[in-house]
>>> print(open('start_18.cif').read())   # mmCIF, C-alpha atoms
data_start
loop_
_atom_site.group_PDB
_atom_site.id
_atom_site.type_symbol
_atom_site.label_atom_id
_atom_site.label_comp_id
_atom_site.auth_asym_id
_atom_site.auth_seq_id
_atom_site.Cartn_x
_atom_site.Cartn_y
_atom_site.Cartn_z
ATOM 1 C CA MET A 591 -8.582 -20.677 11.306
ATOM 2 C CA ALA A 592 -11.313 -18.111 11.947
ATOM 3 C CA SER A 593 -13.102 -16.238 9.174
ATOM 4 C CA ILE A 594 -15.655 -13.457 8.817
ATOM 5 C CA ASP A 595 -17.990 -12.230 6.103
ATOM 6 C CA GLY A 596 -19.443 -8.745 5.959
ATOM 7 C CA ALA A 597 -21.053 -6.288 3.593
ATOM 8 C CA VAL A 598 -21.859 -2.603 3.533
ATOM 9 C CA GLY A 599 -24.581 -0.948 1.485
ATOM 10 C CA VAL A 600 -23.037 1.297 -1.158
ATOM 11 C CA ALA A 601 -25.896 3.791 -0.718
ATOM 12 C CA SER A 602 -24.705 4.338 2.871
ATOM 13 C CA ILE A 603 -21.529 6.097 1.640
ATOM 14 C CA ASP A 604 -21.175 9.458 3.352
ATOM 15 C CA THR A 605 -18.310 11.685 2.215
ATOM 16 C CA GLY A 606 -19.830 14.804 3.756
ATOM 17 C CA ASP A 607 -20.962 16.067 0.335
ATOM 18 C CA ARG A 608 -24.397 14.870 -0.865
ATOM 19 C CA ARG A 609 -23.654 15.698 -4.519
ATOM 20 C CA ARG A 610 -20.438 13.688 -4.436
ATOM 21 C CA ASP A 611 -22.216 10.809 -2.663
ATOM 22 C CA ALA A 612 -24.889 10.753 -5.400
ATOM 23 C CA ARG A 613 -22.153 10.798 -8.063
ATOM 24 C CA LEU A 614 -20.374 7.860 -6.419
ATOM 25 C CA CYS A 615 -23.614 5.811 -6.351
ATOM 26 C CA ALA A 616 -24.346 6.517 -10.035
ATOM 27 C CA GLU A 617 -24.109 3.926 -12.810
ATOM 28 C CA ASP A 618 -20.718 5.124 -14.067
ATOM 29 C CA PHE A 619 -19.008 4.621 -10.697
ATOM 30 C CA PHE A 620 -20.283 2.207 -7.987
ATOM 31 C CA ASP A 621 -23.537 1.518 -9.879
ATOM 32 C CA VAL A 622 -25.601 0.993 -6.732
ATOM 33 C CA GLU A 623 -28.566 -0.344 -8.755
ATOM 34 C CA GLN A 624 -26.567 -3.316 -10.095
ATOM 35 C CA HIS A 625 -24.055 -3.639 -7.227
ATOM 36 C CA PRO A 626 -25.744 -2.508 -3.993
ATOM 37 C CA THR A 627 -23.088 -3.853 -1.605
ATOM 38 C CA ILE A 628 -19.356 -3.955 -1.055
ATOM 39 C CA ALA A 629 -18.425 -7.303 0.471
ATOM 40 C CA VAL A 630 -15.436 -8.321 2.569
ATOM 41 C CA THR A 631 -14.393 -11.856 3.394
ATOM 42 C CA ALA A 632 -11.525 -12.224 5.845
ATOM 43 C CA VAL A 633 -9.756 -15.546 5.710
ATOM 44 C CA SER A 634 -6.759 -14.900 7.936
ATOM 45 C CA LEU A 635 -7.319 -13.426 11.362
ATOM 46 C CA PRO A 636 -4.688 -12.810 14.044
ATOM 47 C CA VAL A 637 -5.196 -14.980 17.102
ATOM 48 C CA GLY A 638 -2.551 -13.664 19.465
ATOM 49 C CA PRO A 639 -0.790 -10.440 20.414
ATOM 50 C CA CYS A 640 1.489 -8.883 17.812
ATOM 51 C CA ASP A 641 2.807 -5.399 16.986
ATOM 52 C CA THR A 642 0.457 -4.732 14.068
ATOM 53 C CA PRO A 643 -2.301 -7.324 13.814
ATOM 54 C CA THR A 644 -3.288 -7.817 10.175
ATOM 55 C CA VAL A 645 -6.418 -9.304 8.618
ATOM 56 C CA ARG A 646 -6.107 -10.691 5.096
ATOM 57 C CA GLY A 647 -9.011 -11.509 2.848
ATOM 58 C CA THR A 648 -10.950 -10.424 -0.213
ATOM 59 C CA MET A 649 -12.956 -7.316 -1.049
ATOM 60 C CA THR A 650 -15.627 -7.379 -3.778
ATOM 61 C CA VAL A 651 -16.724 -4.136 -5.445
ATOM 62 C CA ARG A 652 -18.825 -3.988 -8.645
ATOM 63 C CA GLY A 653 -18.406 -7.750 -9.029
ATOM 64 C CA ALA A 654 -14.591 -7.551 -8.976
ATOM 65 C CA SER A 655 -12.847 -9.394 -6.115
ATOM 66 C CA ARG A 656 -9.343 -8.399 -5.064
ATOM 67 C CA PRO A 657 -7.057 -9.212 -2.114
ATOM 68 C CA LEU A 658 -7.492 -6.999 0.939
ATOM 69 C CA GLU A 659 -5.177 -6.358 3.859
ATOM 70 C CA LEU A 660 -6.410 -4.494 6.922
ATOM 71 C CA HIS A 661 -4.277 -3.387 9.862
ATOM 72 C CA LEU A 662 -6.062 -3.547 13.188
ATOM 73 C CA ASP A 663 -5.659 -0.752 15.715
ATOM 74 C CA ALA A 664 -6.343 -3.338 18.410
ATOM 75 C CA LEU A 665 -7.592 -6.900 18.345
ATOM 76 C CA ALA A 666 -10.865 -6.001 20.065
ATOM 77 C CA SER A 667 -12.247 -3.870 22.856
ATOM 78 C CA PRO A 668 -15.450 -4.458 24.826
ATOM 79 C CA VAL A 669 -18.575 -2.414 24.110
ATOM 80 C CA ASP A 670 -20.921 -1.612 27.027
ATOM 81 C CA GLY A 671 -20.060 -4.793 28.955
ATOM 82 C CA ASN A 672 -22.623 -6.868 27.016
ATOM 83 C CA GLY A 673 -20.203 -9.196 25.232
ATOM 84 C CA ASP A 674 -20.096 -7.148 22.002
ATOM 85 C CA LEU A 675 -16.644 -6.229 20.689
ATOM 86 C CA ARG A 676 -15.402 -3.217 18.714
ATOM 87 C CA ILE A 677 -12.690 -3.701 16.102
ATOM 88 C CA ARG A 678 -11.061 -0.772 14.321
ATOM 89 C CA ALA A 679 -9.000 -1.296 11.185
ATOM 90 C CA ASN A 680 -7.508 0.588 8.245
ATOM 91 C CA GLY A 681 -6.104 -0.222 4.851
ATOM 92 C CA VAL A 682 -5.629 1.020 1.295
ATOM 93 C CA VAL A 683 -7.041 -0.296 -1.996
ATOM 94 C CA ASN A 684 -6.514 0.757 -5.597
ATOM 95 C CA ARG A 685 -9.883 1.902 -6.992
ATOM 96 C CA ARG A 686 -8.891 1.095 -10.585
ATOM 97 C CA GLU A 687 -8.475 -2.586 -9.679
ATOM 98 C CA PHE A 688 -12.237 -2.613 -9.045
ATOM 99 C CA GLY A 689 -13.100 -0.814 -12.287
ATOM 100 C CA LEU A 690 -13.773 2.494 -10.522
ATOM 101 C CA GLU A 691 -12.815 5.168 -13.031
ATOM 102 C CA TRP A 692 -13.594 8.871 -13.290
ATOM 103 C CA ASP A 693 -14.835 10.191 -16.606
ATOM 104 C CA PRO A 694 -12.300 11.924 -18.931
ATOM 105 C CA ALA A 695 -14.074 15.286 -18.575
ATOM 106 C CA PHE A 696 -13.172 15.299 -14.885
ATOM 107 C CA ALA A 697 -9.484 14.708 -15.598
ATOM 108 C CA ALA A 698 -9.537 17.230 -18.457
ATOM 109 C CA GLY A 699 -10.610 19.868 -15.940
ATOM 110 C CA GLY A 700 -7.180 19.620 -14.332
ATOM 111 C CA LEU A 701 -8.369 17.671 -11.314
ATOM 112 C CA VAL A 702 -6.478 14.568 -10.292
ATOM 113 C CA ILE A 703 -7.964 11.815 -8.185
ATOM 114 C CA ASP A 704 -5.541 9.397 -6.522
ATOM 115 C CA ASP A 705 -5.915 5.734 -7.436
ATOM 116 C CA ARG A 706 -5.373 4.786 -3.776
ATOM 117 C CA VAL A 707 -8.375 4.930 -1.486
ATOM 118 C CA GLY A 708 -7.981 4.788 2.274
ATOM 119 C CA LEU A 709 -10.336 2.533 4.220
ATOM 120 C CA ARG A 710 -11.285 3.115 7.856
ATOM 121 C CA LEU A 711 -13.478 0.526 9.501
ATOM 122 C CA ASP A 712 -15.149 0.692 12.889
ATOM 123 C CA ILE A 713 -16.881 -2.647 13.328
ATOM 124 C CA VAL A 714 -18.990 -3.837 16.237
ATOM 125 C CA VAL A 715 -19.223 -7.601 16.486
ATOM 126 C CA VAL A 716 -22.509 -8.377 18.212
ATOM 127 C CA ARG A 717 -22.617 -11.341 20.532
ATOM 128 C CA PRO A 718 -25.337 -13.764 19.395
ATOM 129 C CA THR A 719 -28.302 -14.044 21.717
ATOM 130 C CA ALA A 720 -29.638 -17.362 22.824
ATOM 131 C CA VAL A 721 -32.261 -18.786 20.490
ATOM 132 C CA ALA A 722 -35.317 -20.255 22.139
ATOM 133 C CA ARG A 723 -35.957 -23.855 21.118
ATOM 134 C CA HIS A 724 -39.441 -25.334 21.032
#
>>> encode(input="start_18.cif", output="structure tokens")
Amino acid sequence: MASIDGAVGVASIDTGDRRRDARLCAEDFFDVEQHPTIAVTAVSLPVGPCDTPTVRGTMTVRGASRPLELHLDALASPVDGNGDLRIRANGVVNRREFGLEWDPAFAAGGLVIDDRVGLRLDIVVVRPTAVARH
């Protein structure tokens, strides 16, 4: 069975709104100072053709680890003919399962934020280069 480990820096979040991005990185949400990364460990990878290839694993946010299921758009496609591969995937997680809450003042203002958060991943797997041995 193949497996992968990856992480993304929380400070790299880009929603298109700098104020919202700063709010998401703050202590009362992602808390980038204490939890600078979101980690993904995939423990079940598809190895052959199928209608909707699915990767199953674990996602860790703010120290909370929960199951993750990602649906691949394609198993892999070559990048620039150099051996690197691009993998695109999507999935949905429940933000509350990771302790991501909005403050009551936000909800009191009549705004509703969905508990479900869509994930879109565009991953490039870089082929390792040969290591010189001395």
>>> residues_around(input="start_18.cif", residues="stretch 615-630 of chain A", least_positions_apart="6", cutoff="8 Å", atoms="all atoms listed in the file", output="PyMOL selection string")
chain A and resi 595-601+647-653+690-692
>>> closest_residue(input="start_18.cif", among="A:Ser602, A:Asn672, A:Thr631, A:Asn680", to="A:Thr644", atoms="all atoms listed in the file")
A:Asn680
>>> atom_distance(input="start_18.cif", atom1="atom CA of A:Leu658", atom2="atom CA of A:Arg676")
19.8 Å
>>> atom_distance(input="start_18.cif", atom1="atom CA of A:Ile594", atom2="atom CA of A:Ser634")
9.1 Å
>>> resolve_selection(input="start_18.cif", expression="the PyMOL selection byres ((chain A and resi 709) around 9)", output="PDB file with C-alpha atoms, keeping the file's coordinate frame")
ATOM      1  CA  LEU A 660      -6.410  -4.494   6.922  1.00  0.00           C
ATOM      2  CA  ALA A 679      -9.000  -1.296  11.185  1.00  0.00           C
ATOM      3  CA  ASN A 680      -7.508   0.588   8.245  1.00  0.00           C
ATOM      4  CA  GLY A 681      -6.104  -0.222   4.851  1.00  0.00           C
ATOM      5  CA  VAL A 682      -5.629   1.020   1.295  1.00  0.00           C
ATOM      6  CA  VAL A 683      -7.041  -0.296  -1.996  1.00  0.00           C
ATOM      7  CA  VAL A 707      -8.375   4.930  -1.486  1.00  0.00           C
ATOM      8  CA  GLY A 708      -7.981   4.788   2.274  1.00  0.00           C
ATOM      9  CA  ARG A 710     -11.285   3.115   7.856  1.00  0.00           C
ATOM     10  CA  LEU A 711     -13.478   0.526   9.501  1.00  0.00           C
TER      11      LEU A 711
END
>>> atom_distance(input="start_18.cif", atom1="atom CA of A:Asp704", atom2="atom CA of A:Phe688")
14.0 Å
